[in-house]
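K.L.:
Take this structure, written in C-alpha cells, and hold onto it; I'll ask about it next.
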Amino acid sequence: MLNLVINEWNKVFFRKNNYVTLIIILVISSLLSLMPLLFNDEAAFEDISYGMDWQDQATKQIDSLEKENTKLLTSESEVSFVDEVTASDNQVEIERLNYHLKEGIKPPANNNLYASLIGTSRLNILIGIFVTLIASAMVSKEFSMGTIKLLLIRSYSRSKILTSKYIAVLLITVTYYMSLYIATVGVSLFTSEINLTSEYVYLSSDGTYMHSNFWMYFLGILASNIVYLIIIATIAFTLSTISRNMSLSLGITLGLLFLGPPLMSYLATKTDLAKYLLMANWNLTNYLPGNSPSVGGMTLSFSLILNSLYLVFLLSITYYFFNKKDILA
Amino acid sequence: MEFNVEINHLSKAIGKKKIIKDLSLNIKKGEVFGLLGPNGAGKTTTIRMIVGLIGITSGSVKICGHDVKINHKEALENVGAIVENPEMYPFLSGLENLNYFSRMHKGISNEKIEEIVEFVNLEGRIKDKVKTYSLGMRQRLGIAQSLLNNPKVLILDEPTNGLDPAGIKELRQYLQTLAHEKGVTVIVSSHMLSEIELMCDRVAIIKAGELIAIENLKGKTEEKYYQFKVTPIDKAQELLSKEYQLSSEVTEGLLEFQLPNSNLGIPEIVKLLVGNNIAIYSIEPKENSLEDKFMNLTMK
C-alpha cells in the first residue's frame with residue numbers, strides 16, 4: 001500500500017505543473033505579506049512600536065485622532081467624502097486602541113506576524129483551485145492515457161488502487177496549503193514585527209472588538225481550512241472517478257467553489273433548510289469566536305456531522321463506481 | 001495435463017448484446033497459445049476478462065487454479081500482460097515506468113530490471129521520456145513491463161504491432177523459449193495469420209464471440225496433399241480407389257488426394273496413371289495452410 005501511495009505521489013509531485021503551482025503559491029503568499037510595504041500609505045513605515053509606556057502612547061494617539069476628527073467634521077465648508085472616510089477610519093482605530101487599553105493588551109505593530117498569518121489564510125480558495133485541478137486529473141487521466149489497465153491488471157484490488165490515489169490527493173492538499181505559510185513566515189521575518197503577546201485582538205462580525213489566544217485561534221483556522229480543502233478535493237475526486245472526464249469534474253467543482261456560497265446565502269433567506277447544504281457547512285471558521293454560522297442556530301457539531309455524512313456519501317459512490325465499472329479504455 | 005488457464009463457459013453481455021458466447025478453453029503449461037480472429041471477434045474482450053478488467057457475465061476463468069473473480073489477488077499474481085496498446089506514462093522515462101510498475105510487485109531487483117531492458121533492446125533509450133518513443137519502442141517497453149514479475153501466464157494482445165521483422169523474430173524466439181524451457185503459458189492474440197502460425201503451438205479461432213476451432217499447429221504435416229491435372233479425370237479417380245484404396249476429390253477440374261504414410265509414393269501413382277493411358281499435365285504438392293482454414297472457418 002505504501003508503495004502505491006509513493007507511486008501516486010511521484011506521479012503528481014515530480015512534474016513541471018506541480019513545480020509551477022508551488023511557485024505560484026509561494027509568490028502570491030509572499031506578495032500578500034509584502035503588500036503593506038508595497039502599496040500602503042506611510043502607516044506601515046511609521047513603525048509605531050509600543051514600548052513599556054504603551055498605555056501613554058496609545059492614549060496620546062487616541063487624543064490626536066479625536067482632535068483630527070473634530071477638525072475634519074466641523075470645518076466651515078461642507079464635509080468632503082474623503083474626509084468622512086478618514087474620520088470613520090480614525091474612529092475604528094480609536095475603538096481598537098480603547099479596547100487594548102481596556103483589556104490591558106499591548107497593541108501590536110502595524111505590520112505584524114499575526115496579521116500576516118491570518119491574511120494568508122484567506123488564500124485557501126486559491127489552494128482550493130489547485131487542489132481541484134489535481135483531484136480532477138487523478139483518476140480521469142489514467143483513463144485518458146490508457147494506463148488504468150496497467151494499474152488494474154496487478155494483484156492489487158481496485159479499492160486499494162483508489163485508496164492510494166485518494167491518500168495522495170490528501171497529502172498534496174496539505175502540502176499545498178502548508179506551503180502558503182512557508183513564504184508568509186519567511187517574508188514576515190524580515191518585514192513584520194514579531195508580536196510580543198499571544199493575545200490577538202480582532203473585529204467580530206457584529207463590529208465589536210474581542211480577543212483570544214492567537215495560536216488557538218490560528219489552529220482553529222488551519223483545521224477549518226483543511227477540512228474545507230478536503231471536502232473540495234473529495235468532490236473533485238468523486239466526479240473525476242465516476243465521470244472519467246477531467247473537464248467535467250473541474251467545471252462542476254470550481255462552479256460549486258465559487259457559486260455555491262452565494263447560492264446558499266440566497267437560499268438561506270428563503271428557507272432554513274439551506275443549513276443542510278454542503279456549502280453551508282464546509283466553512284468551519286464560522287464557528288470561531290466572533291463569527292456567525294451560515295444559517296442561524298447551526299452548531300459546530302451539526303456541521304461536523306453533516307460534513308462527515310457528505311464525505312461518506314461521496315466516497316461510497318466513488319468506490320462503488322470504481323469497483324463496478326468495466327475498463328474499456 | 002496441467003492447465004495454467006482454464007476458461008469455462010465464459011460469456012460476456014453488454015446490455016442485451018452478447019459479445020462472448022459460451023467460450024471454453026484450457027491452455028496448457030508451457031505452450032504458446034494463439035487467439036486468432038478477425039477484428040471485432042472478441043479477442044481483446046476475452047483477454048480483458050482473463051485479467052479482470054471487465055466483469056464476467058457468466059462462466060469462469062481460472063489462472064493457476066485461482067478463480068479471477070473470487071481470488072483476484074492470487075490469480076493476478078501469476079499474470080503479466082499487455083492489453084491492447086502498450087500505454088505507459090508518457091511524461092516518465094522508460095526506466096521510471098519500469099521502476100513504477102516494479103513497485104507494484106514484491107522483490108524485483110534492479111538487476112532484474114536491467115536484464116529485462118537488455119532483453120527488449122532498449123538500453124540506449126531507456127532514460128528518455130516515453131513520449132519520444134516510436135510505436136515499436138513502446139511495444140518493447142510494454143513487453144518489458146509484462147515480464148517484471150516473472151509471470152507464469154504471459155498475455156500479449158497484438159504484441160507484434162509496430163515491431164520490425166527482426167524484432168518480431170526475436171520476440172517469437174523469446175516467447176517460445178519462455179514457454180518450452182521455462183514452462184510459462186504464453187497467450188498471444190493477433191489477426192496476423194502468418195505470425196500466429198510461426199509463433200504458436202496451438203491456436204483458437206474465434207469469430208463473433210464464438211469459438212470456432214482449436215488447431216494444433218505442431219503436427220501440421222498431415223495437412224499435405226497433391227493436386228493432379230489429368231484427363232480423363234473420372235477414370236483416374238476410379239483407378240486410384242481400385243488399386244490403392246485412395247479416396248480423392250475433384251475440385252475445379254483438379255484431382256486432389258492425400259497420400260497415406262505408407263511406402264506409396266508419387267512415382268507409383270504416375271506409373272499407374274501413365275500405364276493406363278491417362279495424360280498428366282501437372283503435379284503439385286499442396287499444404288493446407290492456416291490461412292486457408294482461417295478463411296474457410298471465418299468466411300462461412
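Within each chain, counting starts at residue 1; across the C-alpha cells, chains are named A, B, ... in the order shown, with ligands numbered 1 upward in that order.
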Please determine the contact residues of chain B with respect to chain A at a cut-off of 6 Å, counting only C-alpha atoms, and supply them as a ChimeraX atom specification.

P.N.:
/B:51,53-54,73,76-77,87-88,103

K.L.:
Can those selected residues be exported to a file as a PDB file, in the first residue's frame so that it contains N, CA and C atoms?

P.N.:
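Below is the file that was written, out.pdb:
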```pdb
ATOM      1  N   VAL B  51      -7.891 -11.032 -17.363  1.00  0.00           N
ATOM      2  CA  VAL B  51      -7.104 -10.241 -16.414  1.00  0.00           C
ATOM      3  C   VAL B  51      -7.968  -9.395 -15.466  1.00  0.00           C
ATOM      4  N   LEU B  53     -10.207  -7.002 -16.050  1.00  0.00           N
ATOM      5  CA  LEU B  53     -10.502  -5.591 -16.332  1.00  0.00           C
ATOM      6  C   LEU B  53     -11.992  -5.370 -16.553  1.00  0.00           C
ATOM      7  N   ILE B  54     -12.679  -6.403 -17.052  1.00  0.00           N
ATOM      8  CA  ILE B  54     -14.126  -6.264 -17.193  1.00  0.00           C
ATOM      9  C   ILE B  54     -14.811  -7.447 -16.523  1.00  0.00           C
ATOM     10  N   LYS B  73      -6.484 -11.590  -6.240  1.00  0.00           N
ATOM     11  CA  LYS B  73      -5.087 -11.331  -5.893  1.00  0.00           C
ATOM     12  C   LYS B  73      -4.197 -12.504  -6.290  1.00  0.00           C
ATOM     13  N   LEU B  76      -4.062 -13.007 -10.183  1.00  0.00           N
ATOM     14  CA  LEU B  76      -3.325 -11.987 -10.950  1.00  0.00           C
ATOM     15  C   LEU B  76      -1.843 -11.927 -10.597  1.00  0.00           C
ATOM     16  N   GLU B  77      -1.464 -12.492  -9.451  1.00  0.00           N
ATOM     17  CA  GLU B  77      -0.046 -12.540  -9.098  1.00  0.00           C
ATOM     18  C   GLU B  77       0.754 -13.318 -10.143  1.00  0.00           C
ATOM     19  N   GLU B  87       0.218   1.314 -23.488  1.00  0.00           N
ATOM     20  CA  GLU B  87       0.289   2.689 -22.997  1.00  0.00           C
ATOM     21  C   GLU B  87       1.053   2.743 -21.686  1.00  0.00           C
ATOM     22  N   MET B  88       2.034   3.639 -21.637  1.00  0.00           N
ATOM     23  CA  MET B  88       2.787   3.868 -20.404  1.00  0.00           C
ATOM     24  C   MET B  88       2.690   5.361 -20.106  1.00  0.00           C
ATOM     25  N   ARG B 103       7.404  -1.402  -8.421  1.00  0.00           N
ATOM     26  CA  ARG B 103       6.980  -1.116  -7.046  1.00  0.00           C
ATOM     27  C   ARG B 103       5.632  -1.761  -6.733  1.00  0.00           C
TER      28      ARG B 103
END
```

K.L.:
For region 170-186 of chain A, list every protein, DNA or RNA residue within 6 Å, evaluated using only C-alpha atoms, and leave out those in the same chain fewer than 4 positions away; present the list as an NGL selection string.

P.N.:
:A and (26 or 29-30 or 33 or 131)

K.L.:
Work out how far apart CA of Ala137 (chain A) and CA of Ile56 (chain B) are and give it in Å to one decimal.

P.N.:
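Taking CA of Ala137 (chain A) as the start and CA of Ile56 (chain B) as the end point, the length is 28.6 Å.
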
K.L.:
Take CA of Phe228 (chain B) and CA of Ala213 (chain B) and report the distance between them in Å, one decimal.

P.N.:
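Atom-to-atom, CA of Phe228 (chain B) and CA of Ala213 (chain B) are spaced 29.4 Å apart.
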
K.L.:
For region 188-195 of chain B, list every protein, DNA or RNA residue within 7 Å, evaluated using only C-alpha atoms, and leave out those in the same chain fewer than 3 positions away; present the list as a list of chain:residue names.

P.N.:
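Near region 188-195 of chain B, the qualifying residues are B:Phe33, B:Gly34, B:Leu35, B:Leu36, B:Gly37, B:Pro38, B:Lys43, B:Ile155, B:Leu156, B:Asp157, B:Glu158, B:Leu198, B:Met199, B:Glu291.
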
K.L.:
Return as an MDAnalysis selection string the full set of residues in region 31-173 of chain A whose backbone-based DSSP assignment is helix (DSSP H, G or I).

P.N.:
chainID A and resid 31:39 43:46 54:73 81:103 113:121 124:145 148:152 158:173

K.L.:
Tell me which protein, DNA and RNA residues are within 7 Å of region 237-253 of chain A, counting only C-alpha atoms, leaving out same-chain ones fewer than 4 positions away, and put them as a list in words.

P.N.:
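The residues that qualify are Thr132, Leu133, Ala135, Ser136, Ala137, Met138, Val139, Ser140, Phe143, Ala233, Leu257, Leu314, Leu315, Thr318, Phe321 and Phe322 of chain A.
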
K.L.:
Which distance in Å separates CA of Lys141 (chain A) and CA of Thr132 (chain B), to one decimal?

P.N.:
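Separating CA of Lys141 (chain A) from CA of Thr132 (chain B) is a distance of 19.2 Å.
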
K.L.:
For Pro261 (chain A), please output as an MDAnalysis selection string all residues within 12 Å (counting only C-alpha atoms; exclusion window: fewer than 2 positions along the same chain).

P.N.:
chainID A and resid 254:259 263:268 274:275 277:283 294:295

K.L.:
How would the residues just picked look written out with N, CA and C atoms as a PDB file, in the first residue's frame?

P.N.:
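Saved to again10.pdb:
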```pdb
ATOM      1  N   LEU A 254     -15.256  23.672  -9.546  1.00  0.00           N
ATOM      2  CA  LEU A 254     -14.951  25.103  -9.452  1.00  0.00           C
ATOM      3  C   LEU A 254     -16.234  25.922  -9.390  1.00  0.00           C
ATOM      4  N   GLY A 255     -17.260  25.488 -10.134  1.00  0.00           N
ATOM      5  CA  GLY A 255     -18.549  26.160 -10.078  1.00  0.00           C
ATOM      6  C   GLY A 255     -19.097  26.162  -8.657  1.00  0.00           C
ATOM      7  N   LEU A 256     -19.017  25.006  -8.027  1.00  0.00           N
ATOM      8  CA  LEU A 256     -19.508  24.858  -6.655  1.00  0.00           C
ATOM      9  C   LEU A 256     -18.696  25.723  -5.696  1.00  0.00           C
ATOM     10  N   LEU A 257     -17.387  25.771  -5.950  1.00  0.00           N
ATOM     11  CA  LEU A 257     -16.470  26.517  -5.099  1.00  0.00           C
ATOM     12  C   LEU A 257     -16.833  28.002  -5.085  1.00  0.00           C
ATOM     13  N   PHE A 258     -17.135  28.549  -6.288  1.00  0.00           N
ATOM     14  CA  PHE A 258     -17.370  29.989  -6.380  1.00  0.00           C
ATOM     15  C   PHE A 258     -18.842  30.364  -6.268  1.00  0.00           C
ATOM     16  N   LEU A 259     -19.719  29.547  -6.871  1.00  0.00           N
ATOM     17  CA  LEU A 259     -21.134  29.929  -6.879  1.00  0.00           C
ATOM     18  C   LEU A 259     -21.905  29.307  -5.726  1.00  0.00           C
ATOM     19  N   LEU A 263     -25.065  31.190  -3.613  1.00  0.00           N
ATOM     20  CA  LEU A 263     -26.333  30.499  -3.828  1.00  0.00           C
ATOM     21  C   LEU A 263     -26.933  30.078  -2.491  1.00  0.00           C
ATOM     22  N   MET A 264     -26.061  29.547  -1.629  1.00  0.00           N
ATOM     23  CA  MET A 264     -26.513  29.106  -0.316  1.00  0.00           C
ATOM     24  C   MET A 264     -27.051  30.289   0.483  1.00  0.00           C
ATOM     25  N   SER A 265     -26.327  31.428   0.426  1.00  0.00           N
ATOM     26  CA  SER A 265     -26.778  32.610   1.170  1.00  0.00           C
ATOM     27  C   SER A 265     -28.154  33.047   0.694  1.00  0.00           C
ATOM     28  N   TYR A 266     -28.346  32.981  -0.628  1.00  0.00           N
ATOM     29  CA  TYR A 266     -29.641  33.371  -1.185  1.00  0.00           C
ATOM     30  C   TYR A 266     -30.726  32.429  -0.679  1.00  0.00           C
ATOM     31  N   LEU A 267     -30.449  31.120  -0.758  1.00  0.00           N
ATOM     32  CA  LEU A 267     -31.450  30.137  -0.312  1.00  0.00           C
ATOM     33  C   LEU A 267     -31.738  30.287   1.176  1.00  0.00           C
ATOM     34  N   ALA A 268     -30.713  30.663   1.939  1.00  0.00           N
ATOM     35  CA  ALA A 268     -30.881  30.786   3.387  1.00  0.00           C
ATOM     36  C   ALA A 268     -31.888  31.878   3.725  1.00  0.00           C
ATOM     37  N   ALA A 274     -31.686  25.409   4.027  1.00  0.00           N
ATOM     38  CA  ALA A 274     -30.381  25.675   3.414  1.00  0.00           C
ATOM     39  C   ALA A 274     -29.248  25.189   4.303  1.00  0.00           C
ATOM     40  N   LYS A 275     -29.533  25.047   5.608  1.00  0.00           N
ATOM     41  CA  LYS A 275     -28.447  24.633   6.504  1.00  0.00           C
ATOM     42  C   LYS A 275     -28.002  23.191   6.249  1.00  0.00           C
ATOM     43  N   LEU A 277     -27.327  22.109   3.275  1.00  0.00           N
ATOM     44  CA  LEU A 277     -26.449  22.116   2.101  1.00  0.00           C
ATOM     45  C   LEU A 277     -24.990  21.996   2.527  1.00  0.00           C
ATOM     46  N   LEU A 278     -24.195  21.329   1.673  1.00  0.00           N
ATOM     47  CA  LEU A 278     -22.770  21.172   1.985  1.00  0.00           C
ATOM     48  C   LEU A 278     -22.083  22.528   2.129  1.00  0.00           C
ATOM     49  N   MET A 279     -22.427  23.476   1.237  1.00  0.00           N
ATOM     50  CA  MET A 279     -21.704  24.742   1.318  1.00  0.00           C
ATOM     51  C   MET A 279     -22.087  25.584   2.542  1.00  0.00           C
ATOM     52  N   ALA A 280     -23.147  25.220   3.214  1.00  0.00           N
ATOM     53  CA  ALA A 280     -23.459  25.935   4.453  1.00  0.00           C
ATOM     54  C   ALA A 280     -22.602  25.406   5.597  1.00  0.00           C
ATOM     55  N   ASN A 281     -21.996  24.239   5.378  1.00  0.00           N
ATOM     56  CA  ASN A 281     -21.276  23.575   6.463  1.00  0.00           C
ATOM     57  C   ASN A 281     -19.777  23.471   6.264  1.00  0.00           C
ATOM     58  N   TRP A 282     -19.317  23.631   5.010  1.00  0.00           N
ATOM     59  CA  TRP A 282     -17.910  23.308   4.761  1.00  0.00           C
ATOM     60  C   TRP A 282     -16.933  24.330   5.338  1.00  0.00           C
ATOM     61  N   ASN A 283     -17.425  25.529   5.652  1.00  0.00           N
ATOM     62  CA  ASN A 283     -16.527  26.528   6.225  1.00  0.00           C
ATOM     63  C   ASN A 283     -16.678  26.581   7.739  1.00  0.00           C
ATOM     64  N   SER A 294     -23.682  30.122   8.924  1.00  0.00           N
ATOM     65  CA  SER A 294     -24.361  30.479   7.677  1.00  0.00           C
ATOM     66  C   SER A 294     -25.855  30.671   7.899  1.00  0.00           C
ATOM     67  N   VAL A 295     -26.452  29.793   8.691  1.00  0.00           N
ATOM     68  CA  VAL A 295     -27.869  29.905   8.988  1.00  0.00           C
ATOM     69  C   VAL A 295     -27.983  29.903  10.507  1.00  0.00           C
TER      70      VAL A 295
END
```

K.L.:
Identify, on the basis of only C-alpha atoms, every residue whose closest approach to Met52 (chain A) does not exceed 12 Å; exclude the query and any residue fewer than 5 positions from it along the same chain; express the result as a PyMOL selection string.

P.N.:
chain A and resi 57-58+105-107+196

K.L.:
Could you list, with a cut-off of 8 Å and counting only C-alpha atoms, the residues of region 115-224 of chain B near region 10-22 of chain B, each shown with its nearest atom pair and the distance in Å rounded to one decimal, rows sorted by chain and ascending number, as CSV?

P.N.:
```
residue,atom,partner,partner_atom,distance
B:Ala208,CA,B:Ile19,CA,7.2
B:Gly209,CA,B:Ile20,CA,4.1
B:Glu210,CA,B:Lys21,CA,5.4
```

K.L.:
Those residues you just picked out, can you put them in a file as an mmCIF file, in the first residue's frame with N, CA and C atoms?

P.N.:
```cif
data_model
loop_
_atom_site.group_PDB
_atom_site.id
_atom_site.type_symbol
_atom_site.label_atom_id
_atom_site.label_comp_id
_atom_site.auth_asym_id
_atom_site.auth_seq_id
_atom_site.Cartn_x
_atom_site.Cartn_y
_atom_site.Cartn_z
ATOM 1 N N ALA B 208 -17.038 -13.702 -34.064
ATOM 2 C CA ALA B 208 -18.242 -13.129 -33.460
ATOM 3 C C ALA B 208 -18.493 -13.680 -32.056
ATOM 4 N N GLY B 209 -17.425 -13.754 -31.274
ATOM 5 C CA GLY B 209 -17.584 -14.148 -29.877
ATOM 6 C C GLY B 209 -17.708 -15.630 -29.634
ATOM 7 N N GLU B 210 -17.593 -16.423 -30.695
ATOM 8 C CA GLU B 210 -17.722 -17.866 -30.512
ATOM 9 C C GLU B 210 -16.430 -18.572 -30.893
#
```

K.L.:
Taking the backbone alone, and naming residues the way the document does, which bits of region 159-231 of chain A are strand (DSSP E or B) by DSSP, as a PyMOL selection string?

P.N.:
chain A and resi 193+199-203+209-213

K.L.:
Can you write out the residues you just picked, keeping N, CA and C atoms, as an mmCIF file, in the first residue's frame?

P.N.:
```cif
data_model
loop_
_atom_site.group_PDB
_atom_site.id
_atom_site.type_symbol
_atom_site.label_atom_id
_atom_site.label_comp_id
_atom_site.auth_asym_id
_atom_site.auth_seq_id
_atom_site.Cartn_x
_atom_site.Cartn_y
_atom_site.Cartn_z
ATOM 1 N N GLU A 193 6.854 42.772 12.386
ATOM 2 C CA GLU A 193 7.369 42.640 13.739
ATOM 3 C C GLU A 193 6.749 41.419 14.377
ATOM 4 N N GLU A 199 -1.887 37.302 22.891
ATOM 5 C CA GLU A 199 -3.296 37.718 22.775
ATOM 6 C C GLU A 199 -3.501 38.390 21.417
ATOM 7 N N TYR A 200 -4.565 37.989 20.759
ATOM 8 C CA TYR A 200 -4.836 38.525 19.430
ATOM 9 C C TYR A 200 -6.170 39.259 19.465
ATOM 10 N N VAL A 201 -6.132 40.549 19.093
ATOM 11 C CA VAL A 201 -7.350 41.368 19.130
ATOM 12 C C VAL A 201 -7.905 41.470 17.713
ATOM 13 N N TYR A 202 -9.201 41.203 17.543
ATOM 14 C CA TYR A 202 -9.784 41.250 16.195
ATOM 15 C C TYR A 202 -11.227 41.731 16.254
ATOM 16 N N LEU A 203 -11.715 42.103 15.093
ATOM 17 C CA LEU A 203 -13.069 42.646 14.972
ATOM 18 C C LEU A 203 -14.032 41.482 14.766
ATOM 19 N N TYR A 209 -14.884 44.743 19.128
ATOM 20 C CA TYR A 209 -13.576 44.091 19.241
ATOM 21 C C TYR A 209 -13.602 42.992 20.277
ATOM 22 N N MET A 210 -12.823 41.949 20.001
ATOM 23 C CA MET A 210 -12.659 40.901 21.011
ATOM 24 C C MET A 210 -11.254 40.342 20.905
ATOM 25 N N HIS A 211 -10.880 39.484 21.861
ATOM 26 C CA HIS A 211 -9.526 38.924 21.781
ATOM 27 C C HIS A 211 -9.515 37.470 22.208
ATOM 28 N N SER A 212 -8.530 36.717 21.654
ATOM 29 C CA SER A 212 -8.347 35.311 22.010
ATOM 30 C C SER A 212 -6.856 35.039 22.005
ATOM 31 N N ASN A 213 -6.513 33.847 22.488
ATOM 32 C CA ASN A 213 -5.141 33.393 22.343
ATOM 33 C C ASN A 213 -4.885 33.181 20.856
#
```
